[in-house]
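J.: So I've got this file, my_file-v2.cif, and it contains mmCIF, C-alpha atoms:
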data_run
loop_
_atom_site.label_atom_id
_atom_site.label_comp_id
_atom_site.auth_asym_id
_atom_site.auth_seq_id
_atom_site.Cartn_x
_atom_site.Cartn_y
_atom_site.Cartn_z
CA MET A 1 106.53 101.82 100.67
CA PRO A 2 106.41 98.21 99.64
CA ASP A 3 107.42 95.61 102.20
CA GLY A 4 106.85 92.22 100.74
CA ALA A 5 103.76 93.51 98.98
CA PRO A 6 101.71 91.14 96.86
CA SER A 7 102.20 91.41 93.12
CA SER A 8 98.54 91.82 92.27
CA PRO A 9 95.17 91.91 94.00
CA GLN A 10 93.21 88.67 94.33
CA TRP A 11 89.87 90.41 94.40
CA THR A 12 87.66 91.49 91.57
CA ALA A 13 84.94 94.14 91.62
CA ARG A 14 83.03 92.34 88.87
CA SER A 15 79.72 90.84 89.85
CA ARG A 16 78.83 87.19 89.33
CA GLY A 17 75.93 86.34 87.08
CA THR A 18 74.97 87.17 83.54
CA ARG A 19 73.28 90.25 82.16
CA TRP A 20 69.93 88.48 81.80
CA GLN A 21 70.08 87.21 85.39
CA HIS A 22 70.58 90.76 86.59
CA LEU A 23 67.79 92.04 84.35
CA PHE A 24 65.48 89.30 85.65
CA PHE A 25 65.99 90.44 89.22
CA TYR A 26 65.66 94.10 88.33
CA ARG A 27 62.34 93.34 86.57
CA LEU A 28 61.15 91.23 89.51
CA ILE A 29 61.92 94.04 91.94
CA ARG A 30 60.17 96.56 89.68
CA ILE A 31 57.04 94.39 89.60
CA GLY A 32 56.88 92.94 93.11
CA GLY A 33 59.36 94.81 95.25
CA ARG A 34 62.05 93.33 97.46
CA PHE A 35 60.30 90.32 98.98
CA PRO A 36 59.66 88.18 95.87
CA ALA A 37 63.25 88.94 94.86
CA TYR A 38 64.50 87.67 98.25
CA ALA A 39 62.58 84.42 97.73
CA VAL A 40 63.94 83.76 94.25
CA MET A 41 67.41 84.86 95.33
CA SER A 42 67.38 82.33 98.19
CA VAL A 43 66.77 79.50 95.73
CA VAL A 44 69.47 80.78 93.38
CA VAL A 45 71.92 81.04 96.28
CA ALA A 46 71.10 77.50 97.47
CA TRP A 47 71.75 76.20 93.95
CA TYR A 48 74.93 78.21 93.66
CA VAL A 49 76.29 77.04 97.00
CA LEU A 50 75.38 73.40 96.37
CA PHE A 51 76.84 73.15 92.89
CA SER A 52 79.52 75.79 92.62
CA THR A 53 82.88 74.78 94.03
CA MET A 54 84.11 78.28 93.35
CA ALA A 55 81.38 79.79 95.56
CA ARG A 56 82.42 77.64 98.49
CA ARG A 57 86.10 78.26 97.80
CA ARG A 58 85.59 82.04 97.80
CA CYS A 59 83.76 82.01 101.15
CA GLU A 60 85.99 79.47 102.85
CA PRO A 61 88.93 81.70 103.93
CA TYR A 62 86.69 84.15 105.80
CA LEU A 63 84.49 81.46 107.33
CA ARG A 64 87.54 79.48 108.46
CA HIS A 65 89.12 82.52 110.10
CA ARG A 66 85.85 83.68 111.65
CA PHE A 67 84.44 80.35 112.84
CA GLY A 68 87.40 77.93 112.79
CA ASP A 69 87.12 74.42 111.41
CA ARG A 70 83.59 73.14 111.16
CA GLY A 71 82.05 70.04 109.65
CA VAL A 72 81.30 69.87 105.94
CA LEU A 73 77.52 70.28 106.32
CA ARG A 74 77.88 73.15 108.76
CA ARG A 75 80.38 74.85 106.45
CA TRP A 76 77.92 74.53 103.53
CA TYR A 77 75.17 76.05 105.64
CA ASP A 78 77.49 78.89 106.71
CA THR A 79 78.36 79.50 103.06
CA TYR A 80 74.67 79.61 102.18
CA ARG A 81 73.97 82.02 105.02
CA LEU A 82 76.80 84.35 104.07
CA VAL A 83 76.01 84.38 100.34
CA ARG A 84 72.29 84.76 101.04
CA SER A 85 73.00 87.72 103.28
CA PHE A 86 75.06 89.26 100.48
CA GLY A 87 72.27 88.51 97.98
CA GLU A 88 69.79 90.28 100.25
CA THR A 89 72.04 93.32 100.32
CA LEU A 90 72.28 93.31 96.52
CA VAL A 91 68.49 93.09 96.24
CA ASP A 92 68.15 95.95 98.73
CA ARG A 93 70.64 98.03 96.79
CA ALA A 94 68.81 97.51 93.52
CA ALA A 95 65.40 98.07 95.14
CA PHE A 96 66.66 101.24 96.79
CA GLY A 97 67.28 102.64 93.33
CA ILE A 98 64.45 101.03 91.35
CA CYS A 99 61.73 101.68 93.94
CA ARG A 100 63.25 104.96 95.20
CA GLY A 101 63.98 103.92 98.74
CA ALA A 102 61.94 100.71 98.72
CA GLY A 103 60.87 101.32 102.32
CA LEU A 104 64.43 100.85 103.52
CA LYS A 105 65.51 102.96 106.47
CA VAL A 106 69.02 103.80 107.62
CA GLU A 107 69.66 104.68 111.24
CA PHE A 108 72.71 106.74 112.06
CA PRO A 109 72.64 107.81 115.71
CA GLN A 110 76.15 109.31 115.56
CA TYR A 111 75.32 111.78 112.80
CA ARG A 112 76.07 114.75 115.07
CA GLN A 113 79.47 113.36 115.98
CA LEU A 114 80.28 113.05 112.27
CA LYS A 115 79.20 116.65 111.72
CA GLU A 116 81.52 117.76 114.53
CA LEU A 117 84.44 116.08 112.79
CA LEU A 118 83.60 117.96 109.60
CA ASP A 119 83.28 121.21 111.52
CA GLU A 120 86.98 120.96 112.37
CA GLY A 121 87.46 122.39 108.87
CA CYS A 122 90.11 120.00 107.54
CA GLY A 123 87.80 117.82 105.50
CA MET A 124 87.31 114.20 106.48
CA VAL A 125 88.59 110.87 105.25
CA MET A 126 85.79 108.33 105.51
CA VAL A 127 87.00 104.73 105.59
CA ASN A 128 84.45 102.10 104.68
CA SER A 129 84.62 98.37 104.14
CA HIS A 130 82.78 95.78 102.10
CA VAL A 131 80.27 95.13 104.85
CA GLY A 132 76.54 95.75 105.06
CA ALA A 133 75.13 98.00 102.36
CA TRP A 134 77.72 100.72 102.10
CA GLN A 135 76.17 102.24 98.99
CA ILE A 136 72.76 102.66 100.58
CA VAL A 137 74.15 104.26 103.70
CA LEU A 138 76.19 106.62 101.60
CA ALA A 139 72.92 108.01 100.34
CA ILE A 140 72.22 109.52 103.76
CA LEU A 141 75.56 111.28 103.71
CA GLY A 142 74.09 113.38 100.94
CA ASN A 143 72.46 115.29 103.81
CA LEU A 144 75.81 116.58 104.99
CA ASP A 145 76.42 120.21 104.13
CA THR A 146 79.53 119.35 102.18
CA GLN A 147 80.41 117.46 99.04
CA VAL A 148 81.12 113.75 99.47
CA ASN A 149 83.66 112.16 97.09
CA ILE A 150 83.90 108.40 96.82
CA VAL A 151 86.95 106.63 95.45
CA MET A 152 85.56 103.78 93.43
CA THR A 153 86.19 101.92 90.24
CA ARG A 154 84.14 99.88 87.83
CA GLU A 155 85.73 96.96 86.06
CA ALA A 156 85.19 96.46 82.37
CA GLY A 157 82.23 94.15 81.79
CA ASP A 158 80.68 94.68 85.24
CA ILE A 159 76.92 94.70 84.71
CA ASP A 160 75.73 95.13 88.29
CA LEU A 161 74.27 98.62 88.60
CA HIS A 162 74.81 101.05 91.45
CA TYR A 163 71.50 102.06 93.01
CA PHE A 164 71.51 105.53 91.46
CA GLU A 165 72.12 104.09 87.99
CA HIS A 166 68.64 102.50 87.98
CA THR A 167 66.99 105.89 87.86
CA GLY A 168 69.59 107.89 85.98
CA ASP A 169 69.74 110.32 88.90
CA ARG A 170 72.95 112.04 89.77
CA PRO A 171 74.69 110.10 92.55
CA PRO A 172 74.65 111.91 95.90
CA PHE A 173 78.44 111.87 95.77
CA ASP A 174 81.20 112.58 93.26
CA ILE A 175 83.26 109.64 92.10
CA ILE A 176 87.07 109.70 91.98
CA ASP A 177 88.51 106.91 89.85
CA PRO A 178 91.65 105.43 91.44
CA ARG A 179 92.79 104.28 88.02
CA GLY A 180 93.36 107.91 87.02
CA TYR A 181 96.71 109.71 87.02
CA LEU A 182 98.53 109.07 90.32
CA GLY A 183 95.57 107.06 91.58
CA GLY A 184 93.35 110.11 91.85
CA VAL A 185 95.29 111.43 94.85
CA VAL A 186 95.51 114.97 93.46
CA GLU A 187 91.69 115.16 93.37
CA MET A 188 91.42 113.56 96.82
CA ALA A 189 93.85 116.07 98.35
CA ALA A 190 92.10 118.98 96.64
CA ALA A 191 88.74 117.81 98.00
CA LEU A 192 90.10 117.61 101.55
CA ARG A 193 91.61 121.08 101.24
CA ARG A 194 88.12 122.31 100.31
CA GLY A 195 86.80 120.76 103.54
CA GLN A 196 85.00 117.93 101.74
CA VAL A 197 84.63 114.25 102.53
CA VAL A 198 86.73 111.66 100.72
CA GLY A 199 85.53 108.07 101.11
CA LEU A 200 87.82 105.11 100.51
CA MET A 201 87.64 101.40 101.13
CA GLY A 202 89.90 100.41 103.98
CA ASP A 203 89.97 96.76 103.00
CA ARG A 204 91.16 96.89 99.39
CA VAL A 205 94.66 97.53 98.15
CA PHE A 206 94.76 99.00 94.67
CA GLY A 207 97.68 98.59 92.30
CA GLU A 208 100.75 96.60 93.12
CA GLY A 209 100.45 96.69 96.89
CA GLU A 210 102.59 99.74 97.57
CA ASN A 211 101.19 101.90 100.37
CA SER A 212 99.87 98.94 102.31
CA ALA A 213 100.65 97.29 105.63
CA SER A 214 100.23 93.82 106.99
CA VAL A 215 98.20 93.71 110.22
CA PRO A 216 96.45 90.98 112.18
CA PHE A 217 92.80 90.36 111.33
CA LEU A 218 90.85 87.37 112.66
CA GLY A 219 94.02 85.59 113.69
CA GLY A 220 96.05 86.01 110.52
CA PRO A 221 98.01 88.69 108.67
CA VAL A 222 96.04 90.75 106.18
CA ARG A 223 97.30 93.54 103.96
CA PHE A 224 95.23 96.70 104.18
CA PRO A 225 95.99 100.05 102.50
CA THR A 226 97.85 102.83 104.32
CA GLY A 227 96.81 105.36 101.68
CA PRO A 228 93.71 106.71 103.46
CA TYR A 229 95.71 107.45 106.61
CA ARG A 230 98.65 109.06 104.77
CA LEU A 231 96.21 111.19 102.85
CA ALA A 232 94.52 112.27 106.09
CA ALA A 233 97.86 112.89 107.84
CA MET A 234 99.08 115.18 105.08
CA ASN A 235 95.92 117.27 105.24
CA GLY A 236 95.37 117.09 109.00
CA SER A 237 91.97 115.49 108.39
CA PRO A 238 90.18 113.23 110.88
CA ILE A 239 89.47 109.67 109.75
CA ALA A 240 86.01 108.25 110.35
CA VAL A 241 85.60 104.48 110.09
CA LEU A 242 81.97 104.00 109.06
CA LEU A 243 80.54 100.49 108.92
CA SER A 244 76.97 99.47 108.21
CA HIS A 245 74.89 96.37 108.88
CA LYS A 246 71.36 95.23 108.34
CA THR A 247 69.34 95.21 111.55
CA GLY A 248 65.93 94.09 110.32
CA ARG A 249 63.95 93.31 107.19
CA SER A 250 63.94 96.97 106.17
CA THR A 251 66.50 98.68 108.36
CA TYR A 252 70.20 99.31 108.20
CA ARG A 253 72.34 100.93 110.83
CA LEU A 254 75.43 102.99 110.13
CA GLU A 255 78.00 103.18 112.90
CA LEU A 256 80.93 105.47 113.41
CA SER A 257 83.10 102.58 114.57
CA ARG A 258 86.33 104.51 115.13
CA VAL A 259 87.72 107.99 114.78
CA ILE A 260 91.38 107.67 113.86
CA ARG A 261 93.78 110.59 114.19
CA ALA A 262 96.91 110.58 112.06
CA GLN A 263 99.28 113.34 113.15
CA PRO A 264 100.12 115.81 110.35
CA ALA A 265 103.82 114.90 110.45
CA ALA A 266 103.10 111.18 110.39
CA GLY A 267 102.56 110.82 106.66
CA ARG A 268 105.99 109.33 106.03
CA ASP A 269 106.28 107.60 109.39
CA ARG A 270 105.59 103.99 108.52
CA ASP A 271 105.04 102.90 112.12
CA ALA A 272 102.45 105.63 112.61
CA MET A 273 100.65 104.49 109.46
CA VAL A 274 100.70 100.85 110.59
CA ARG A 275 99.14 101.94 113.90
CA CYS A 276 96.32 103.61 111.95
CA VAL A 277 95.76 100.48 109.85
CA ARG A 278 95.68 98.41 113.03
CA GLN A 279 92.93 100.61 114.43
CA PHE A 280 90.92 100.01 111.27
CA SER A 281 91.60 96.27 111.50
CA ASP A 282 90.47 96.28 115.14
CA ALA A 283 87.26 98.07 114.17
CA LEU A 284 86.62 95.52 111.43
CA SER A 285 87.37 92.63 113.81
CA ASP A 286 84.84 94.03 116.30
CA PHE A 287 82.36 94.37 113.47
CA VAL A 288 82.61 90.77 112.21
CA GLU A 289 82.51 89.55 115.79
CA ALA A 290 79.12 91.24 116.18
CA HIS A 291 77.84 90.83 112.60
CA PRO A 292 79.51 87.76 111.09
CA TRP A 293 77.10 87.46 108.14
CA GLN A 294 77.59 91.01 106.93
CA PHE A 295 81.20 90.72 105.75
CA PHE A 296 81.37 90.59 101.96
CA ASN A 297 84.93 90.10 100.86
CA PHE A 298 84.77 86.92 98.79
CA TYR A 299 88.45 86.21 98.32
CA ASP A 300 91.36 85.12 100.45
CA LEU A 301 92.51 88.24 102.28
CA TRP A 302 95.04 86.40 104.40
CA GLU A 303 98.68 86.33 103.41
CA SER A 304 99.51 82.89 104.72
CA SER A 305 96.32 80.86 104.55
CA MET B 1 118.15 130.92 93.46
CA ASP B 2 116.65 129.39 90.32
CA ILE B 3 113.10 128.17 90.94
CA ARG B 4 114.10 124.69 89.76
CA ASP B 5 116.83 124.44 92.40
CA GLU B 6 114.40 125.75 95.02
CA LEU B 7 111.90 123.12 93.98
CA LYS B 8 114.41 120.28 94.11
CA ARG B 9 115.51 121.33 97.58
CA ALA B 10 111.90 121.62 98.73
CA ILE B 11 111.12 118.17 97.31
CA ILE B 12 114.13 116.59 99.05
CA GLU B 13 113.39 118.28 102.37
CA GLY B 14 109.62 118.01 102.22
CA LEU B 15 109.60 114.36 101.22
CA ASN B 16 112.60 113.35 103.36
CA LEU B 17 114.59 112.07 100.39
CA GLU B 18 117.84 112.21 102.33
CA ASP B 19 119.67 109.91 99.91
CA LEU B 20 119.20 112.35 97.04
CA THR B 21 120.99 115.57 96.15
CA PRO B 22 119.43 118.28 93.98
CA GLU B 23 121.99 117.50 91.27
CA GLN B 24 120.72 113.93 91.04
CA ILE B 25 117.24 115.07 90.06
CA ASP B 26 117.10 115.51 86.30
CA ASN B 27 115.21 118.68 85.34
CA ASP B 28 113.60 116.87 82.41
CA ALA B 29 112.79 113.55 84.11
CA PRO B 30 109.20 112.82 85.19
CA LEU B 31 108.57 113.32 88.90
CA PHE B 32 106.47 110.14 89.08
CA GLY B 33 106.68 106.81 87.30
CA GLU B 34 109.54 105.48 85.21
CA GLY B 35 112.71 107.57 85.42
CA SER B 36 111.45 109.50 88.44
CA PRO B 37 113.39 110.12 91.69
CA GLY B 38 111.41 107.31 93.33
CA LEU B 39 108.28 109.12 94.48
CA ASP B 40 105.04 107.20 94.94
CA SER B 41 101.56 108.42 94.17
CA LEU B 42 100.87 109.66 97.70
CA ASP B 43 104.03 111.76 97.59
CA ALA B 44 102.11 113.76 95.01
CA VAL B 45 99.81 114.94 97.80
CA GLU B 46 102.77 116.25 99.75
CA LEU B 47 104.17 117.83 96.63
CA VAL B 48 100.86 119.59 96.05
CA VAL B 49 101.04 120.90 99.62
CA ILE B 50 104.67 121.99 99.18
CA VAL B 51 103.83 123.90 95.98
CA GLN B 52 100.80 125.49 97.66
CA ARG B 53 102.77 126.48 100.73
CA HIS B 54 105.86 127.81 98.98
CA TYR B 55 104.31 129.46 95.93
CA GLY B 56 100.59 129.79 96.69
CA VAL B 57 99.79 127.78 93.57
CA ASP B 58 97.09 125.11 93.68
CA ILE B 59 97.26 121.87 91.70
CA ALA B 60 93.62 120.88 91.83
CA ASP B 61 93.01 118.03 89.44
CA MET B 62 94.42 115.23 87.35
CA SER B 63 95.06 117.27 84.22
CA GLN B 64 96.89 119.98 86.14
CA GLY B 65 98.83 117.29 88.01
CA ARG B 66 99.81 115.57 84.79
CA GLU B 67 101.03 118.87 83.38
CA ALA B 68 102.84 120.02 86.53
CA PHE B 69 104.48 116.73 87.48
CA ALA B 70 105.86 115.97 84.02
CA SER B 71 109.31 117.17 85.23
CA VAL B 72 110.99 119.79 87.41
CA ASN B 73 111.09 122.07 84.37
CA ALA B 74 107.36 121.56 83.81
CA LEU B 75 106.58 122.22 87.48
CA ALA B 76 108.68 125.41 87.44
CA LYS B 77 106.83 126.58 84.30
CA PHE B 78 103.47 125.68 85.86
CA ILE B 79 104.28 127.71 88.98
CA ARG B 80 105.63 130.70 87.03
CA GLU B 81 102.50 130.85 84.87
CA ARG B 82 100.12 130.61 87.84
CA SER B 83 102.12 133.03 89.98
CA LYS B 84 101.81 135.72 87.30
CA ALA B 85 98.06 135.24 86.97
#
Represent the structure from my file as structure tokens, please.

T.:
Amino acid sequence: MPDGAPSSPQWTARSRGTRWQHLFFYRLIRIGGRFPAYAVMSVVVAWYVLFSTMARRRCEPYLRHRFGDRGVLRRWYDTYRLVRSFGETLVDRAAFGICRGAGLKVEFPQYRQLKELLDEGCGMVMVNSHVGAWQIVLAILGNLDTQVNIVMTREAGDIDLHYFEHTGDRPPFDIIDPRGYLGGVVEMAAALRRGQVVGLMGDRVFGEGENSASVPFLGGPVRFPTGPYRLAAMNGSPIAVLLSHKTGRSTYRLELSRVIRAQPAAGRDRDAMVRCVRQFSDALSDFVEAHPWQFFNFYDLWESS
Amino acid sequence: MDIRDELKRAIIEGLNLEDLTPEQIDNDAPLFGEGSPGLDSLDAVELVVIVQRHYGVDIADMSQGREAFASVNALAKFIRERSKA
């Protein structure tokens, strides 16, 4: 269903930094916990923001759309704040694995509502975004009585570890690789038919941009995937938009931001799919309005910046 | 009716491929990718549902999908083998 789709994604899942830099932080967390790592990370981020043009360039599209034009000094400070917030999340993620929880707590007051969606018996498509600490909050979904499957990929050469990789434990979810045959959709559909949860990122278009739609986000057109909604429509599954944010030094909050319903017959109805994507975009807009420093897409999402 | 013709009709109806006729779908051509009738990856989900609904046969994972969706002939063979089991 391409309609003026981009030829290739601008984003990369590879982390910045070298292997030894990652190992240094992992060792620091192992020895002293999260707080010394925050302190060192703040200095590293300040250096990075001051001297890396690329760092500022990667943050600029989001900051411009979220806050409008600001002076040079203010924009540098905003960049520092955003990257530092991301750094804190990365430290938390590593500490969560290395220190087995690291004193981090995740609140999810709408847990019962999520269970009710699952009890409908059609599985559930869980749409996340690169906000907050999505990996940490996924850990609490391990408490659901059903299998959780996450669609995720790891780029060659990426050295940043997922939290469960620090301990060698089995992840609390199964991983479906979208680079597999037909983008892993056969596995996703099978999981939904078994009444399981399939989690996808609502803000990343894989492949050549087919199965995506352009919708307004922070005042400009952004291309988000329609795949999660088509998948849900074909299986009659409810769609839960789950977004997380950090609320304190040691607390995260997971919110069921939207429940989207795609009618079973709507899978090939492009307008119906665009309406679903718009609901996701609205949820994400509300999120960044409330939590501007928890949005971690460091590339230009907008089609006509 | 031959299972291959049934399948082609079900694909056209189920996926709303109104521009296609069953005769235009080559029995040996892959259902997805180069040389296919123009289906995208998410159409595979609908095709899985169609096969399940019409023949009670489940295509549960990537390796089964790769085998079944190699062509109409391959899908017919896949269904025949599973139906007997």

J.: Here's the selection I'm unsure about, the PyMOL selection byres ((chain B) within 10 of (chain A)); applied to the file above, which residues does it give, as a ChimeraX atom specification?

T.: /B:15-16,32-33,39-49,58-66

J.: Hey, what comes out of the PyMOL selection byres ((chain A and resi 26) around 9) on this file? Could you write it as JSON, numbers by chain?

T.: {"A": [21, 22, 23, 24, 25, 27, 28, 29, 30, 31, 37, 91, 94, 95, 98, 166]}

J.: Could you take the residues named above and write them with C-alpha atoms, as a compact mmCIF listing (two decimals), keeping the file's coordinate frame?

T.:
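As a result, result-v9.txt now contains:
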# COMPACT_ATOMS: atom_id res chain seq x y z
CA GLN A 21 70.08 87.21 85.39
CA HIS A 22 70.58 90.76 86.59
CA LEU A 23 67.79 92.04 84.35
CA PHE A 24 65.48 89.30 85.65
CA PHE A 25 65.99 90.44 89.22
CA ARG A 27 62.34 93.34 86.57
CA LEU A 28 61.15 91.23 89.51
CA ILE A 29 61.92 94.04 91.94
CA ARG A 30 60.17 96.56 89.68
CA ILE A 31 57.04 94.39 89.60
CA ALA A 37 63.25 88.94 94.86
CA VAL A 91 68.49 93.09 96.24
CA ALA A 94 68.81 97.51 93.52
CA ALA A 95 65.40 98.07 95.14
CA ILE A 98 64.45 101.03 91.35
CA HIS A 166 68.64 102.50 87.98

J.: Using the chain letters and numbering of this document, enumerate as a ChimeraX atom specification the residues selected by the PyMOL selection byres ((chain B and resi 83) around 12).

T.: /B:51-52,54-58,75-82,84-85

J.: What gap, in Å, lies between atom CA of Ser214 of chain A and atom CA of Trp302 of chain A?

T.: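 For atom CA of Ser214 of chain A relative to atom CA of Trp302 of chain A, the distance reads 9.4 Å.
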
J.: For atom CA of Ser52 of chain A and atom CA of Arg64 of chain A, quote the distance in Å rounded to one decimal.

T.: 18.1 Å

J.: Name all residues at most 7 Å from Val131 of chain A (count only C-alpha atoms; drop same-chain ones fewer than 6 positions away) and give them as a VMD selection string.

T.: chain A and resid 243 to 245 294 to 296

J.: As an exercise, work out the distance from atom CA of Arg253 of chain A to atom CA of Ala290 of chain A in Å and give it to one decimal place.

T.: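 About the pair atom CA of Arg253 of chain A and atom CA of Ala290 of chain A: they are 13.0 Å apart.
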
J.: Could you give me, as a list in words, the residues within 12 Å of Leu218 of chain A, counting all atoms listed in the file and dropping anything in the same chain fewer than 4 positions from it?

T.: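 Within the cut-off, the hits are Pro61, Tyr62, Leu63, Arg64, His65, Arg66, Phe67, Gly68, Val222, Ser281, Asp282, Ala283, Leu284, Ser285, Asp286, Phe287, Val288, Glu289, Pro292, Leu301, Trp302 and Ser305 of chain A.
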
J.: Write to file, as a PDB file, keeping the file's coordinate frame, the residues of the selection just made, with C-alpha atoms.

T.:
ATOM      1  CA  PRO A  61      88.930  81.700 103.930  1.00  0.00           C
ATOM      2  CA  TYR A  62      86.690  84.150 105.800  1.00  0.00           C
ATOM      3  CA  LEU A  63      84.490  81.460 107.330  1.00  0.00           C
ATOM      4  CA  ARG A  64      87.540  79.480 108.460  1.00  0.00           C
ATOM      5  CA  HIS A  65      89.120  82.520 110.100  1.00  0.00           C
ATOM      6  CA  ARG A  66      85.850  83.680 111.650  1.00  0.00           C
ATOM      7  CA  PHE A  67      84.440  80.350 112.840  1.00  0.00           C
ATOM      8  CA  GLY A  68      87.400  77.930 112.790  1.00  0.00           C
ATOM      9  CA  VAL A 222      96.040  90.750 106.180  1.00  0.00           C
ATOM     10  CA  SER A 281      91.600  96.270 111.500  1.00  0.00           C
ATOM     11  CA  ASP A 282      90.470  96.280 115.140  1.00  0.00           C
ATOM     12  CA  ALA A 283      87.260  98.070 114.170  1.00  0.00           C
ATOM     13  CA  LEU A 284      86.620  95.520 111.430  1.00  0.00           C
ATOM     14  CA  SER A 285      87.370  92.630 113.810  1.00  0.00           C
ATOM     15  CA  ASP A 286      84.840  94.030 116.300  1.00  0.00           C
ATOM     16  CA  PHE A 287      82.360  94.370 113.470  1.00  0.00           C
ATOM     17  CA  VAL A 288      82.610  90.770 112.210  1.00  0.00           C
ATOM     18  CA  GLU A 289      82.510  89.550 115.790  1.00  0.00           C
ATOM     19  CA  PRO A 292      79.510  87.760 111.090  1.00  0.00           C
ATOM     20  CA  LEU A 301      92.510  88.240 102.280  1.00  0.00           C
ATOM     21  CA  TRP A 302      95.040  86.400 104.400  1.00  0.00           C
ATOM     22  CA  SER A 305      96.320  80.860 104.550  1.00  0.00           C
TER      23      SER A 305
END

J.: Go through B:Lys8, B:Gly35, B:Asn73, B:Ala68 one by one, measure the shortest atom-to-atom distance of each to Leu20 of chain B using only C-alpha atoms, and give the residue with the smallest value.

T.: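 Going through B:Lys8, B:Gly35, B:Asn73, B:Ala68 one by one, the smallest distance to Leu20 of chain B is for B:Lys8.
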
J.: Write out as a list of chain:residue names which residues come within 7 Å of Pro238 of chain A when counting all atoms listed in the file, dropping same-chain ones fewer than 2 positions away.

T.: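 Here the qualifying residues turn out to be A:Leu117, A:Met124, A:Val125, A:Ala232, A:Gly236, A:Ala240, A:Val259, A:Ile260, A:Arg261.
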
J.: Mind dumping the selected residues with C-alpha atoms as an mmCIF file, in the coordinates of the input?

T.:
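Output (selection.cif):
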data_model
loop_
_atom_site.group_PDB
_atom_site.id
_atom_site.type_symbol
_atom_site.label_atom_id
_atom_site.label_comp_id
_atom_site.auth_asym_id
_atom_site.auth_seq_id
_atom_site.Cartn_x
_atom_site.Cartn_y
_atom_site.Cartn_z
ATOM 1 C CA LEU A 117 84.440 116.080 112.790
ATOM 2 C CA MET A 124 87.310 114.200 106.480
ATOM 3 C CA VAL A 125 88.590 110.870 105.250
ATOM 4 C CA ALA A 232 94.520 112.270 106.090
ATOM 5 C CA GLY A 236 95.370 117.090 109.000
ATOM 6 C CA ALA A 240 86.010 108.250 110.350
ATOM 7 C CA VAL A 259 87.720 107.990 114.780
ATOM 8 C CA ILE A 260 91.380 107.670 113.860
ATOM 9 C CA ARG A 261 93.780 110.590 114.190
#

J.: For each of A:Phe173, A:Ser212, A:Leu256, A:Gly142, take the minimum atom-to-atom distance to Gln113 of chain A, counting only C-alpha atoms, then give the residue where this is smallest.

T.: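 Among A:Phe173, A:Ser212, A:Leu256, A:Gly142, it is A:Leu256 that comes nearest to Gln113 of chain A.
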
J.: Using only C-alpha atoms, which protein or nucleic acid residues come within 9 Å of Asn128 of chain A? Drop anything in the same chain fewer than 2 positions from it, and give the result as a tab-separated table (two decimals) with C-alpha atoms, in the coordinates of the input.

T.:
chain	number	residue	atom	x	y	z
A	126	MET	CA	85.79	108.33	105.51
A	130	HIS	CA	82.78	95.78	102.10
A	131	VAL	CA	80.27	95.13	104.85
A	134	TRP	CA	77.72	100.72	102.10
A	199	GLY	CA	85.53	108.07	101.11
A	200	LEU	CA	87.82	105.11	100.51
A	201	MET	CA	87.64	101.40	101.13
A	202	GLY	CA	89.90	100.41	103.98
A	203	ASP	CA	89.97	96.76	103.00
A	240	ALA	CA	86.01	108.25	110.35
A	241	VAL	CA	85.60	104.48	110.09
A	242	LEU	CA	81.97	104.00	109.06
A	243	LEU	CA	80.54	100.49	108.92
A	244	SER	CA	76.97	99.47	108.21

J.: Rank A:Thr251, A:Gln196, A:Asn143, A:Gln279 by their smallest atom-to-atom distance to Phe96 of chain A, using only C-alpha atoms, and report the top residue only.

T.: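 Between A:Thr251, A:Gln196, A:Asn143, A:Gln279, the residue approaching Phe96 of chain A most closely is A:Thr251.
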